[in-house]
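S.K.: Quick one, protein_17.json (JSON, C-alpha atoms):
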[["chain", "number", "residue", "atom", "x", "y", "z"],
["A", 20, "MET", "CA", 78.29, 23.32, 8.46],
["A", 21, "ASP", "CA", 81.33, 21.09, 7.94],
["A", 22, "SER", "CA", 79.23, 17.96, 8.13],
["A", 23, "ILE", "CA", 77.15, 19.29, 5.22],
["A", 24, "THR", "CA", 80.03, 20.25, 2.92],
["A", 25, "GLN", "CA", 82.25, 17.24, 3.68],
["A", 26, "THR", "CA", 81.75, 13.87, 2.01],
["A", 27, "TRP", "CA", 78.65, 12.32, 3.53],
["A", 28, "PRO", "CA", 79.38, 9.00, 5.26],
["A", 29, "TRP", "CA", 78.19, 5.84, 3.53],
["A", 30, "TYR", "CA", 75.76, 4.91, 6.31],
["A", 31, "VAL", "CA", 73.96, 8.30, 6.18],
["A", 32, "SER", "CA", 73.89, 8.31, 2.37],
["A", 33, "GLY", "CA", 72.77, 4.71, 2.08],
["A", 34, "PHE", "CA", 69.98, 5.27, 4.58],
["A", 35, "LEU", "CA", 68.73, 8.36, 2.73],
["A", 36, "ILE", "CA", 68.79, 6.56, -0.64],
["A", 37, "GLY", "CA", 66.74, 3.75, 0.93],
["A", 38, "MET", "CA", 64.31, 6.38, 2.23],
["A", 39, "VAL", "CA", 63.99, 7.94, -1.24],
["A", 40, "MET", "CA", 62.92, 4.55, -2.57],
["A", 41, "LEU", "CA", 60.45, 4.03, 0.30],
["A", 42, "LEU", "CA", 58.99, 7.53, -0.12],
["A", 43, "LEU", "CA", 58.31, 6.77, -3.79],
["A", 44, "ASN", "CA", 56.67, 3.49, -2.72],
["A", 45, "TYR", "CA", 54.54, 5.50, -0.31],
["A", 46, "PHE", "CA", 53.53, 7.73, -3.22],
["A", 47, "GLY", "CA", 52.45, 4.54, -5.03],
["A", 48, "LYS", "CA", 55.45, 4.48, -7.38],
["A", 49, "VAL", "CA", 58.55, 2.37, -7.91],
["A", 50, "PHE", "CA", 62.06, 3.85, -7.81],
["A", 51, "GLY", "CA", 63.87, 3.44, -11.14],
["A", 52, "MET", "CA", 65.82, 6.02, -13.10],
["A", 53, "SER", "CA", 66.64, 4.33, -16.40],
["A", 54, "SER", "CA", 63.01, 4.07, -17.52],
["A", 55, "ASN", "CA", 63.14, 7.86, -17.87],
["A", 56, "ILE", "CA", 65.52, 7.40, -20.79],
["A", 57, "ARG", "CA", 62.86, 5.31, -22.55],
["A", 58, "THR", "CA", 60.36, 8.11, -21.93],
["A", 59, "LEU", "CA", 62.81, 10.65, -23.37],
["A", 60, "CYS", "CA", 63.21, 8.44, -26.47],
["A", 61, "THR", "CA", 59.43, 8.41, -26.91],
["A", 62, "LEU", "CA", 59.32, 12.19, -26.53],
["A", 63, "ALA", "CA", 62.08, 12.44, -29.15],
["A", 64, "GLY", "CA", 59.90, 10.49, -31.62],
["A", 65, "ALA", "CA", 61.15, 6.91, -31.17],
["A", 66, "ASP", "CA", 57.52, 5.72, -31.09],
["A", 67, "LYS", "CA", 57.45, 6.13, -34.88],
["A", 68, "PHE", "CA", 60.05, 3.38, -35.19],
["A", 69, "ALA", "CA", 59.35, 0.75, -32.56],
["A", 70, "GLU", "CA", 56.41, -0.62, -30.61],
["A", 71, "PHE", "CA", 58.54, -0.53, -27.44],
["A", 72, "PHE", "CA", 58.22, 3.26, -27.34],
["A", 73, "ARG", "CA", 54.43, 3.33, -27.84],
["A", 74, "PHE", "CA", 53.20, 3.71, -24.29],
["A", 75, "ASP", "CA", 51.41, 6.34, -22.29],
["A", 76, "TRP", "CA", 54.37, 8.58, -21.51],
["A", 77, "LYS", "CA", 52.12, 10.86, -19.47],
["A", 78, "SER", "CA", 51.97, 8.13, -16.82],
["A", 79, "GLN", "CA", 55.71, 8.68, -16.41],
["A", 80, "ILE", "CA", 55.66, 12.45, -15.88],
["A", 81, "TRP", "CA", 56.10, 11.94, -12.13],
["A", 82, "ASN", "CA", 59.43, 10.18, -12.82],
["A", 83, "LEU", "CA", 60.61, 12.99, -15.08],
["A", 84, "VAL", "CA", 59.80, 15.38, -12.23],
["A", 85, "VAL", "CA", 61.93, 13.24, -9.86],
["A", 86, "LEU", "CA", 64.68, 13.58, -12.46],
["A", 87, "ALA", "CA", 64.29, 17.36, -12.64],
["A", 88, "GLY", "CA", 64.51, 17.50, -8.85],
["A", 89, "ALA", "CA", 67.65, 15.34, -8.92],
["A", 90, "MET", "CA", 69.27, 17.69, -11.46],
["A", 91, "LEU", "CA", 68.45, 20.65, -9.25],
["A", 92, "GLY", "CA", 69.83, 18.76, -6.23],
["A", 93, "GLY", "CA", 73.06, 18.08, -8.13],
["A", 94, "PHE", "CA", 73.37, 21.77, -8.98],
["A", 95, "VAL", "CA", 72.82, 22.92, -5.39],
["A", 96, "ALA", "CA", 75.14, 20.26, -3.91],
["A", 97, "VAL", "CA", 78.00, 21.03, -6.31],
["A", 98, "HIS", "CA", 77.72, 24.81, -6.17],
["A", 99, "TYR", "CA", 76.77, 25.48, -2.55],
["A", 100, "MET", "CA", 77.66, 22.37, -0.51],
["A", 101, "SER", "CA", 81.13, 21.41, -1.73],
["A", 102, "ASP", "CA", 84.53, 21.50, -0.11],
["A", 103, "PRO", "CA", 88.09, 21.01, -1.44],
["A", 104, "THR", "CA", 88.47, 17.97, 0.82],
["A", 105, "ASN", "CA", 85.77, 16.11, -1.17],
["A", 106, "VAL", "CA", 86.38, 12.92, -3.17],
["A", 107, "ALA", "CA", 89.23, 11.76, -0.92],
["A", 108, "ILE", "CA", 89.74, 8.45, -2.70],
["A", 109, "ASN", "CA", 92.37, 5.85, -1.82],
["A", 110, "PRO", "CA", 95.93, 7.14, -2.52],
["A", 111, "LYS", "CA", 96.62, 3.81, -4.26],
["A", 112, "THR", "CA", 93.77, 4.55, -6.66],
["A", 113, "ILE", "CA", 95.22, 8.02, -7.35],
["A", 114, "ALA", "CA", 98.63, 6.50, -8.14],
["A", 115, "GLN", "CA", 97.03, 3.97, -10.52],
["A", 116, "LEU", "CA", 95.13, 6.74, -12.28],
["A", 117, "ALA", "CA", 98.30, 8.82, -12.62],
["A", 118, "ALA", "CA", 99.85, 5.89, -14.49],
["A", 119, "LEU", "CA", 96.89, 6.09, -16.92],
["A", 120, "ASN", "CA", 97.37, 9.88, -17.24],
["A", 121, "ILE", "CA", 94.11, 10.58, -15.41],
["A", 122, "ASP", "CA", 94.24, 13.60, -13.08],
["A", 123, "ALA", "CA", 93.69, 13.27, -9.29],
["A", 124, "PRO", "CA", 90.34, 14.48, -7.85],
["A", 125, "ASN", "CA", 91.54, 17.37, -5.60],
["A", 126, "GLY", "CA", 87.94, 17.99, -4.58],
["A", 127, "LYS", "CA", 86.31, 17.59, -8.00],
["A", 128, "LEU", "CA", 83.82, 14.85, -8.85],
["A", 129, "ALA", "CA", 85.07, 13.92, -12.30],
["A", 130, "PRO", "CA", 88.50, 13.87, -13.98],
["A", 131, "GLU", "CA", 89.29, 16.61, -16.48],
["A", 132, "ALA", "CA", 90.82, 13.93, -18.71],
["A", 133, "LEU", "CA", 87.37, 12.42, -19.31],
["A", 134, "PHE", "CA", 84.90, 15.17, -18.51],
["A", 135, "GLY", "CA", 86.66, 18.51, -19.04],
["A", 136, "ASN", "CA", 85.38, 20.68, -21.88],
["A", 137, "GLU", "CA", 88.50, 19.73, -23.90],
["A", 138, "VAL", "CA", 86.85, 16.35, -24.56],
["A", 139, "PHE", "CA", 84.59, 18.12, -27.07],
["A", 140, "SER", "CA", 87.65, 18.48, -29.32],
["A", 141, "SER", "CA", 88.87, 14.91, -28.78],
["A", 142, "PRO", "CA", 87.20, 12.31, -31.02],
["A", 143, "LYS", "CA", 88.60, 9.52, -28.83],
["A", 144, "MET", "CA", 87.09, 10.92, -25.63],
["A", 145, "LEU", "CA", 83.77, 11.67, -27.32],
["A", 146, "ALA", "CA", 83.71, 8.08, -28.60],
["A", 147, "ILE", "CA", 84.40, 6.74, -25.09],
["A", 148, "LEU", "CA", 81.56, 8.78, -23.56],
["A", 149, "LEU", "CA", 79.16, 7.86, -26.37],
["A", 150, "ILE", "CA", 79.98, 4.13, -26.30],
["A", 151, "GLY", "CA", 79.74, 4.10, -22.50],
["A", 152, "GLY", "CA", 76.31, 5.70, -22.79],
["A", 153, "ILE", "CA", 75.17, 3.21, -25.44],
["A", 154, "LEU", "CA", 76.23, 0.28, -23.21],
["A", 155, "ILE", "CA", 74.36, 1.81, -20.26],
["A", 156, "GLY", "CA", 71.20, 2.54, -22.25],
["A", 157, "PHE", "CA", 71.11, -0.79, -24.07],
["A", 158, "GLY", "CA", 72.12, -2.82, -21.00],
["A", 159, "SER", "CA", 69.67, -1.18, -18.60],
["A", 160, "ARG", "CA", 66.70, -1.77, -20.93],
["A", 161, "TYR", "CA", 67.77, -5.32, -21.80],
["A", 162, "ALA", "CA", 68.13, -6.09, -18.08],
["A", 163, "GLY", "CA", 64.95, -4.11, -17.33],
["A", 164, "GLY", "CA", 66.56, -1.73, -14.84],
["A", 165, "CYS", "CA", 69.71, -0.07, -13.57],
["A", 166, "THR", "CA", 71.34, 0.52, -10.22],
["A", 167, "SER", "CA", 68.20, 2.11, -8.78],
["A", 168, "GLY", "CA", 65.64, -0.30, -10.26],
["A", 169, "HIS", "CA", 67.55, -3.55, -9.70],
["A", 170, "ALA", "CA", 70.27, -2.97, -7.08],
["A", 171, "ILE", "CA", 68.14, -0.83, -4.74],
["A", 172, "SER", "CA", 64.43, -1.48, -5.52],
["A", 173, "GLY", "CA", 64.86, -5.08, -6.66],
["A", 174, "LEU", "CA", 67.29, -6.42, -4.06],
["A", 175, "SER", "CA", 65.43, -4.81, -1.18],
["A", 176, "ASN", "CA", 62.27, -6.57, -2.42],
["A", 177, "LEU", "CA", 64.24, -9.86, -2.57],
["A", 178, "GLN", "CA", 63.92, -10.28, -6.34],
["A", 179, "ILE", "CA", 66.09, -13.06, -7.77],
["A", 180, "PRO", "CA", 66.08, -11.52, -11.31],
["A", 181, "SER", "CA", 67.51, -8.35, -9.78],
["A", 182, "LEU", "CA", 70.26, -10.31, -8.08],
["A", 183, "LYS", "CA", 71.21, -11.82, -11.46],
["A", 184, "ALA", "CA", 71.26, -8.36, -13.04],
["A", 185, "VAL", "CA", 73.35, -6.88, -10.21],
["A", 186, "ILE", "CA", 75.87, -9.74, -10.50],
["A", 187, "GLY", "CA", 75.96, -8.95, -14.23],
["A", 188, "PHE", "CA", 76.59, -5.25, -13.43],
["A", 189, "PHE", "CA", 79.58, -6.14, -11.28],
["A", 190, "VAL", "CA", 81.02, -8.77, -13.63],
["A", 191, "GLY", "CA", 80.83, -6.23, -16.48],
["A", 192, "GLY", "CA", 82.26, -3.48, -14.29],
["A", 193, "LEU", "CA", 85.17, -5.58, -13.07],
["A", 194, "ILE", "CA", 86.02, -6.66, -16.63],
["A", 195, "MET", "CA", 86.00, -3.02, -17.74],
["A", 196, "ALA", "CA", 87.95, -1.67, -14.77],
["A", 197, "HIS", "CA", 90.63, -4.36, -14.70],
["A", 198, "PHE", "CA", 91.10, -5.45, -18.31],
["A", 199, "LEU", "CA", 89.61, -2.92, -20.73],
["A", 200, "LEU", "CA", 90.28, 0.51, -19.13],
["A", 201, "PRO", "CA", 94.08, -0.02, -19.12],
["A", 202, "LEU", "CA", 93.88, -0.81, -22.87],
["A", 203, "ILE", "CA", 91.72, 2.24, -23.60],
["A", 204, "PHE", "CA", 93.85, 4.83, -21.76],
["B", 5, "MET", "CA", 50.85, 20.87, -7.20],
["B", 6, "LYS", "CA", 50.68, 17.07, -7.02],
["B", 7, "PHE", "CA", 54.13, 16.92, -8.61],
["B", 8, "ILE", "CA", 55.87, 18.99, -5.91],
["B", 9, "LYS", "CA", 56.46, 15.93, -3.73],
["B", 10, "TYR", "CA", 58.26, 14.22, -6.60],
["B", 11, "LEU", "CA", 60.40, 17.30, -7.16],
["B", 12, "LEU", "CA", 61.36, 17.31, -3.47],
["B", 13, "VAL", "CA", 62.18, 13.58, -3.39],
["B", 14, "GLY", "CA", 64.25, 14.01, -6.55],
["B", 15, "PHE", "CA", 65.99, 17.03, -5.01],
["B", 16, "LEU", "CA", 66.93, 14.95, -1.94],
["B", 17, "PHE", "CA", 68.13, 12.13, -4.21],
["B", 18, "GLY", "CA", 70.32, 14.52, -6.23],
["B", 19, "ILE", "CA", 71.88, 16.02, -3.10],
["B", 20, "VAL", "CA", 72.53, 12.66, -1.45],
["B", 21, "LEU", "CA", 74.05, 11.11, -4.56],
["B", 22, "THR", "CA", 76.30, 14.13, -5.03],
["B", 23, "LYS", "CA", 77.34, 14.50, -1.38],
["B", 24, "SER", "CA", 77.96, 10.76, -1.01],
["B", 25, "GLU", "CA", 80.01, 11.09, -4.24],
["B", 26, "ALA", "CA", 78.17, 8.14, -5.79],
["B", 27, "VAL", "CA", 77.97, 10.38, -8.90],
["B", 28, "SER", "CA", 81.77, 10.56, -9.05],
["B", 29, "TRP", "CA", 83.65, 8.69, -11.77],
["B", 30, "TYR", "CA", 86.48, 8.36, -9.22],
["B", 31, "ARG", "CA", 84.29, 6.59, -6.67],
["B", 32, "ILE", "CA", 83.05, 4.10, -9.26],
["B", 33, "TYR", "CA", 86.60, 3.40, -10.43],
["B", 34, "GLU", "CA", 87.75, 2.99, -6.81],
["B", 35, "MET", "CA", 84.81, 0.63, -6.14],
["B", 36, "PHE", "CA", 85.63, -1.61, -9.11],
["B", 37, "GLN", "CA", 89.30, -1.64, -8.05],
["B", 38, "CYS", "CA", 88.03, -2.82, -4.64],
["B", 39, "GLN", "CA", 90.12, -0.09, -2.99],
["B", 40, "SER", "CA", 87.40, 1.39, -0.82],
["B", 41, "PHE", "CA", 84.39, 0.23, 1.15],
["B", 42, "HIS", "CA", 82.54, 3.54, 0.60],
["B", 43, "MET", "CA", 80.36, 2.61, -2.40],
["B", 44, "TYR", "CA", 79.69, -0.92, -1.14],
["B", 45, "GLY", "CA", 78.61, 0.61, 2.18],
["B", 46, "ILE", "CA", 76.21, 3.01, 0.43],
["B", 47, "ILE", "CA", 74.59, 0.30, -1.69],
["B", 48, "GLY", "CA", 74.49, -2.13, 1.24],
["B", 49, "VAL", "CA", 72.84, 0.32, 3.66],
["B", 50, "ALA", "CA", 70.38, 1.51, 0.97],
["B", 51, "VAL", "CA", 69.29, -2.08, 0.29],
["B", 52, "PHE", "CA", 69.12, -2.86, 4.03],
["B", 53, "THR", "CA", 66.98, 0.25, 4.68],
["B", 54, "GLY", "CA", 64.71, -0.64, 1.77],
["B", 55, "LEU", "CA", 64.44, -4.26, 2.91],
["B", 56, "ILE", "CA", 63.36, -3.28, 6.43],
["B", 57, "GLY", "CA", 60.95, -0.65, 5.07],
["B", 58, "ILE", "CA", 59.33, -3.02, 2.58],
["B", 59, "GLN", "CA", 58.93, -5.69, 5.27],
["B", 60, "ILE", "CA", 57.23, -3.13, 7.53],
["B", 61, "ILE", "CA", 54.96, -2.08, 4.64],
["B", 62, "LYS", "CA", 54.05, -5.68, 3.80],
["B", 63, "ARG", "CA", 53.50, -6.92, 7.35],
["B", 64, "ASN", "CA", 51.38, -3.97, 8.41],
["B", 65, "ASN", "CA", 49.54, -3.57, 5.08],
["B", 66, "ILE", "CA", 50.55, 0.08, 5.05],
["B", 67, "LYS", "CA", 48.57, 2.10, 2.52],
["B", 68, "ASP", "CA", 50.03, 4.63, 0.14],
["B", 69, "ILE", "CA", 49.34, 8.36, 0.17],
["B", 70, "LYS", "CA", 46.00, 7.84, -1.63],
["B", 71, "GLY", "CA", 44.89, 5.05, 0.71],
["B", 72, "GLN", "CA", 45.58, 2.29, -1.84],
["B", 73, "PRO", "CA", 47.54, -0.83, -0.81],
["B", 74, "ILE", "CA", 51.24, -0.53, -1.69],
["B", 75, "VAL", "CA", 51.95, -3.16, -4.33],
["B", 76, "ILE", "CA", 55.50, -3.58, -5.57],
["B", 77, "ALA", "CA", 55.32, -5.76, -8.65],
["B", 78, "ASP", "CA", 57.71, -8.72, -8.89],
["B", 79, "LYS", "CA", 60.31, -8.59, -11.65],
["B", 80, "GLU", "CA", 59.59, -10.88, -14.60],
["B", 81, "LYS", "CA", 61.11, -14.33, -14.24],
["B", 82, "GLY", "CA", 64.04, -15.12, -16.46],
["B", 83, "SER", "CA", 67.78, -15.34, -16.61],
["B", 84, "PHE", "CA", 69.42, -14.55, -19.92],
["B", 85, "ARG", "CA", 68.28, -10.94, -20.20],
["B", 86, "TYR", "CA", 69.38, -10.19, -16.65],
["B", 87, "TRP", "CA", 72.86, -11.71, -16.95],
["B", 88, "VAL", "CA", 73.60, -10.32, -20.40],
["B", 89, "GLY", "CA", 71.84, -6.97, -20.01],
["B", 90, "GLY", "CA", 73.55, -6.59, -16.65],
["B", 91, "LEU", "CA", 76.93, -7.33, -18.22],
["B", 92, "PHE", "CA", 76.45, -4.66, -20.91],
["B", 93, "PHE", "CA", 75.33, -2.19, -18.27],
["B", 94, "GLY", "CA", 78.32, -2.94, -16.03],
["B", 95, "LEU", "CA", 80.78, -2.40, -18.89],
["B", 96, "GLY", "CA", 79.31, 1.03, -19.54],
["B", 97, "TRP", "CA", 79.00, 1.91, -15.86],
["B", 98, "ALA", "CA", 82.69, 1.28, -15.18],
["B", 99, "LEU", "CA", 83.77, 3.02, -18.41],
["B", 100, "VAL", "CA", 82.03, 6.35, -17.88],
["B", 101, "GLY", "CA", 81.47, 6.05, -14.12],
["B", 102, "ALA", "CA", 77.82, 7.07, -14.16],
["B", 103, "CYS", "CA", 74.58, 5.13, -14.07],
["B", 104, "PRO", "CA", 71.31, 6.72, -15.26],
["B", 105, "GLY", "CA", 70.54, 8.73, -12.07],
["B", 106, "PRO", "CA", 74.02, 10.29, -11.88],
["B", 107, "ILE", "CA", 73.99, 11.04, -15.63],
["B", 108, "PHE", "CA", 71.15, 13.51, -15.03],
["B", 109, "ILE", "CA", 72.49, 14.76, -11.70],
["B", 110, "LEU", "CA", 75.88, 15.57, -13.27],
["B", 111, "ILE", "CA", 74.26, 17.40, -16.18],
["B", 112, "GLY", "CA", 72.23, 19.41, -13.67],
["B", 113, "ALA", "CA", 75.47, 20.21, -11.81],
["B", 114, "GLY", "CA", 76.96, 21.61, -15.02],
["B", 115, "PHE", "CA", 79.13, 18.77, -16.35],
["B", 116, "TRP", "CA", 78.20, 19.36, -19.99],
["B", 117, "SER", "CA", 80.31, 16.51, -21.35],
["B", 118, "VAL", "CA", 77.95, 14.10, -19.57],
["B", 119, "ALA", "CA", 75.30, 15.10, -22.13],
["B", 120, "VAL", "CA", 77.30, 12.96, -24.59],
["B", 121, "ILE", "CA", 76.74, 9.97, -22.26],
["B", 122, "LEU", "CA", 73.01, 10.79, -22.17],
["B", 123, "LEU", "CA", 72.91, 10.93, -25.96],
["B", 124, "GLY", "CA", 74.62, 7.52, -26.01],
["B", 125, "ALA", "CA", 72.19, 6.13, -23.45],
["B", 126, "MET", "CA", 69.24, 7.30, -25.58],
["B", 127, "ILE", "CA", 70.81, 5.66, -28.66],
["B", 128, "GLY", "CA", 71.38, 2.45, -26.66],
["B", 129, "THR", "CA", 67.79, 2.47, -25.39],
["B", 130, "PHE", "CA", 66.54, 3.11, -28.93],
["B", 131, "LEU", "CA", 68.61, 0.18, -30.26],
["B", 132, "TYR", "CA", 67.09, -2.08, -27.61],
["B", 133, "GLY", "CA", 63.61, -0.91, -28.60],
["B", 134, "LEU", "CA", 64.32, -1.72, -32.26],
["B", 135, "LEU", "CA", 65.89, -5.13, -31.56],
["B", 136, "LYS", "CA", 63.72, -6.22, -28.63],
["B", 137, "ASP", "CA", 61.77, -8.92, -30.45],
["B", 138, "LYS", "CA", 64.90, -10.39, -32.04],
["B", 139, "LEU", "CA", 66.88, -10.62, -28.79],
["B", 140, "PRO", "CA", 66.79, -13.67, -26.53],
["B", 141, "HIS", "CA", 65.28, -12.82, -23.13]]
I need this file expressed as structure tokens, please.

M.R.:
Amino acid sequence: MDSITQTWPWYVSGFLIGMVMLLLNYFGKVFGMSSNIRTLCTLAGADKFAEFFRFDWKSQIWNLVVLAGAMLGGFVAVHYMSDPTNVAINPKTIAQLAALNIDAPNGKLAPEALFGNEVFSSPKMLAILLIGGILIGFGSRYAGGCTSGHAISGLSNLQIPSLKAVIGFFVGGLIMAHFLLPLIF
Amino acid sequence: MKFIKYLLVGFLFGIVLTKSEAVSWYRIYEMFQCQSFHMYGIIGVAVFTGLIGIQIIKRNNIKDIKGQPIVIADKEKGSFRYWVGGLFFGLGWALVGACPGPIFILIGAGFWSVAVILLGAMIGTFLYGLLKDKLPH
């Protein structure tokens, strides 16, 4: 049972993520998570405001079902397959985070400082989460995909546009992690 | 019933992303600090597995579940939208440590604060939809 509750090794996880993409290909679909957010916008009424949201959302129900399954998977994995040894990140990383007043993992997936329920009473933290979300939503639609659509589906199909997008992901991520995060916290 | 297979694939995806800790803000931070190979290994092996699988599909003309040829459309040609959209996405990814898949997985796991990220992502997507025709692509 230990091998189930411990952190899954990168080679097992990477293989299974590749298989998820291939299974969806076998079902005649393409793996991509961020397009679900567009569908949710349409369902929330965005089609009254922009042409971009006027499409046959019913053709995307399958992807919303994948999403529902993923949410269920997250619930099961966190509640029934976790272990206090999880999220054993580099001690150097923990020390850096301590300097930014961000708590160490100790088995949890996300820091209390950013994701604990106290953030609901902190305008600064709410703003960080909201702005982060806006960047993700805007950026993934502008680039036409996210980590699943470009990094996994696109790169494994040798798509040059996806390579450009993935380089963009990492340039943006490195700028945030090295220059902006220390200013924010 | 035809949707059950999608639910199962999604379920597998949610478990793998959680157990590999790719949904963890800590892992994304550690990746961008280049202090661990873990995330690079996951992405690398996923792409390698996909690459081999797609080559097998293409070379053997493997059909999908309904007997239709498997066609994976090429991404539209272009540059600007990919560089700049990618840059915006990366800034957000490293800030809140979650890309779209993990946003939903974490909400499913009970991290309610992540719903704020989802709200932001819907606003960001909506802004793109409004501005699409005015943006350079």

S.K.: Rounded to one decimal in Å, what is the spacing between CA of Val190 in chain A and CA of Gly48 in chain B?

M.R.: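 A separation of 17.5 Å between them.
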
S.K.: If we count all atoms listed in the file and set the cut-off at 12 Å, which residues sit around Phe189 in chain A, ignoring sequence neighbours fewer than 2 positions away in its own chain? Please answer as an NGL selection string.

M.R.: (:A and (165-166 or 170 or 182-187 or 191-197)) or (:B and (32-33 or 35-38 or 44 or 87-98))

S.K.: Restricting it to C-alpha atoms, dump the selection as a CSV table (one decimal), in the coordinates of the input.

M.R.:
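Dumped to again_20.csv:
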chain,number,residue,atom,x,y,z
A,165,CYS,CA,69.7,-0.1,-13.6
A,166,THR,CA,71.3,0.5,-10.2
A,170,ALA,CA,70.3,-3.0,-7.1
A,182,LEU,CA,70.3,-10.3,-8.1
A,183,LYS,CA,71.2,-11.8,-11.5
A,184,ALA,CA,71.3,-8.4,-13.0
A,185,VAL,CA,73.4,-6.9,-10.2
A,186,ILE,CA,75.9,-9.7,-10.5
A,187,GLY,CA,76.0,-9.0,-14.2
A,191,GLY,CA,80.8,-6.2,-16.5
A,192,GLY,CA,82.3,-3.5,-14.3
A,193,LEU,CA,85.2,-5.6,-13.1
A,194,ILE,CA,86.0,-6.7,-16.6
A,195,MET,CA,86.0,-3.0,-17.7
A,196,ALA,CA,88.0,-1.7,-14.8
A,197,HIS,CA,90.6,-4.4,-14.7
B,32,ILE,CA,83.0,4.1,-9.3
B,33,TYR,CA,86.6,3.4,-10.4
B,35,MET,CA,84.8,0.6,-6.1
B,36,PHE,CA,85.6,-1.6,-9.1
B,37,GLN,CA,89.3,-1.6,-8.0
B,38,CYS,CA,88.0,-2.8,-4.6
B,44,TYR,CA,79.7,-0.9,-1.1
B,87,TRP,CA,72.9,-11.7,-17.0
B,88,VAL,CA,73.6,-10.3,-20.4
B,89,GLY,CA,71.8,-7.0,-20.0
B,90,GLY,CA,73.6,-6.6,-16.6
B,91,LEU,CA,76.9,-7.3,-18.2
B,92,PHE,CA,76.4,-4.7,-20.9
B,93,PHE,CA,75.3,-2.2,-18.3
B,94,GLY,CA,78.3,-2.9,-16.0
B,95,LEU,CA,80.8,-2.4,-18.9
B,96,GLY,CA,79.3,1.0,-19.5
B,97,TRP,CA,79.0,1.9,-15.9
B,98,ALA,CA,82.7,1.3,-15.2

S.K.: Do you have the CA of Pro180 in chain A-CA of Gly158 in chain A distance handy?

M.R.: 14.4 Å

S.K.: Each residue of chain B with at least one atom at most 6 Å from chain A should appear once, together with its nearest atom pair and the corresponding distance in Å (one decimal); atoms considered: all atoms listed in the file; ordering: chain, then increasing residue number; output as a tab-separated table.

M.R.:
residue	atom	partner	partner_atom	distance
B:Tyr10	CA	A:Val85	CA	5.0
B:Leu11	CA	A:Gly88	CA	4.4
B:Gly14	CA	A:Val85	CA	4.1
B:Phe15	CA	A:Gly88	CA	4.1
B:Phe17	CA	A:Ala89	CA	5.7
B:Gly18	CA	A:Ala89	CA	3.9
B:Ile19	CA	A:Gly92	CA	4.6
B:Val20	CA	A:Ser32	CA	5.9
B:Thr22	CA	A:Gly93	CA	6.0
B:Lys23	CA	A:Trp27	CA	5.5
B:Ser24	CA	A:Trp27	CA	4.8
B:Ser28	CA	A:Leu128	CA	4.8
B:Trp29	CA	A:Ala129	CA	5.4
B:Phe36	CA	A:Leu193	CA	5.6
B:His42	CA	A:Trp29	CA	5.7
B:Gly45	CA	A:Trp29	CA	5.4
B:Ile46	CA	A:Gly33	CA	4.2
B:Val49	CA	A:Gly33	CA	4.7
B:Ala50	CA	A:Gly33	CA	4.1
B:Val51	CA	A:Ser175	CA	5.0
B:Thr53	CA	A:Gly37	CA	5.1
B:Gly54	CA	A:Gly37	CA	4.9
B:Leu55	CA	A:Ser175	CA	4.2
B:Asp68	CA	A:Tyr45	CA	4.6
B:Ile69	CA	A:Phe46	CA	5.4
B:Arg85	CA	A:Ala162	CA	5.3
B:Tyr86	CA	A:Ala184	CA	4.5
B:Trp87	CA	A:Gly187	CA	5.0
B:Gly89	CA	A:Ala162	CA	4.3
B:Gly90	CA	A:Gly187	CA	4.2
B:Leu91	CA	A:Gly191	CA	4.4
B:Phe92	CA	A:Gly158	CA	4.7
B:Phe93	CA	A:Gly158	CA	4.3
B:Gly94	CA	A:Phe188	CA	3.9
B:Leu95	CA	A:Gly191	CA	4.5
B:Gly96	CA	A:Gly151	CA	4.3
B:Ala98	CA	A:Gly192	CA	4.9
B:Leu99	CA	A:Gly151	CA	5.8
B:Val100	CA	A:Gly151	CA	5.6
B:Pro104	CA	A:Ser53	CA	5.4
B:Gly105	CA	A:Met52	CA	5.5
B:Phe108	CA	A:Met90	CA	5.8
B:Ile109	CA	A:Met90	CA	4.4
B:Gly112	CA	A:Met90	CA	4.1
B:Ala113	CA	A:Phe94	CA	3.9
B:Ser117	CA	A:Phe134	CA	5.6
B:Val120	CA	A:Leu149	CA	5.7
B:Ile121	CA	A:Gly152	CA	4.3
B:Gly124	CA	A:Gly152	CA	4.1
B:Ala125	CA	A:Gly156	CA	3.9
B:Ile127	CA	A:Ile153	CA	5.9
B:Gly128	CA	A:Ile153	CA	4.1
B:Thr129	CA	A:Gly156	CA	4.6
B:Tyr132	CA	A:Phe157	CA	5.5
B:Gly133	CA	A:Phe71	CA	5.2
B:Leu134	CA	A:Ala69	CA	5.6

S.K.: Please report the interatomic distance between CA of Ile76 in chain B and CA of Phe7 in chain B in Å with one decimal.

M.R.: 20.8 Å

S.K.: Taking all atoms listed in the file into account, which of B:Lys6, B:His141, B:Lys136, B:Lys62 comes nearest Lys81 in chain B?

M.R.: B:His141

S.K.: With distances taken over all atoms listed in the file, which of B:Ile47, B:Val27, B:Ile8, B:Leu131 is nearest to Pro106 in chain B?

M.R.: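 So, comparing all the options, the nearest one is B:Val27.
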
S.K.: Can you work out which one of B:Leu21, B:Leu110, B:Ala26, B:Ala77 has the shortest atom-to-atom distance to Leu122 in chain B, counting all atoms listed in the file?

M.R.: B:Leu110
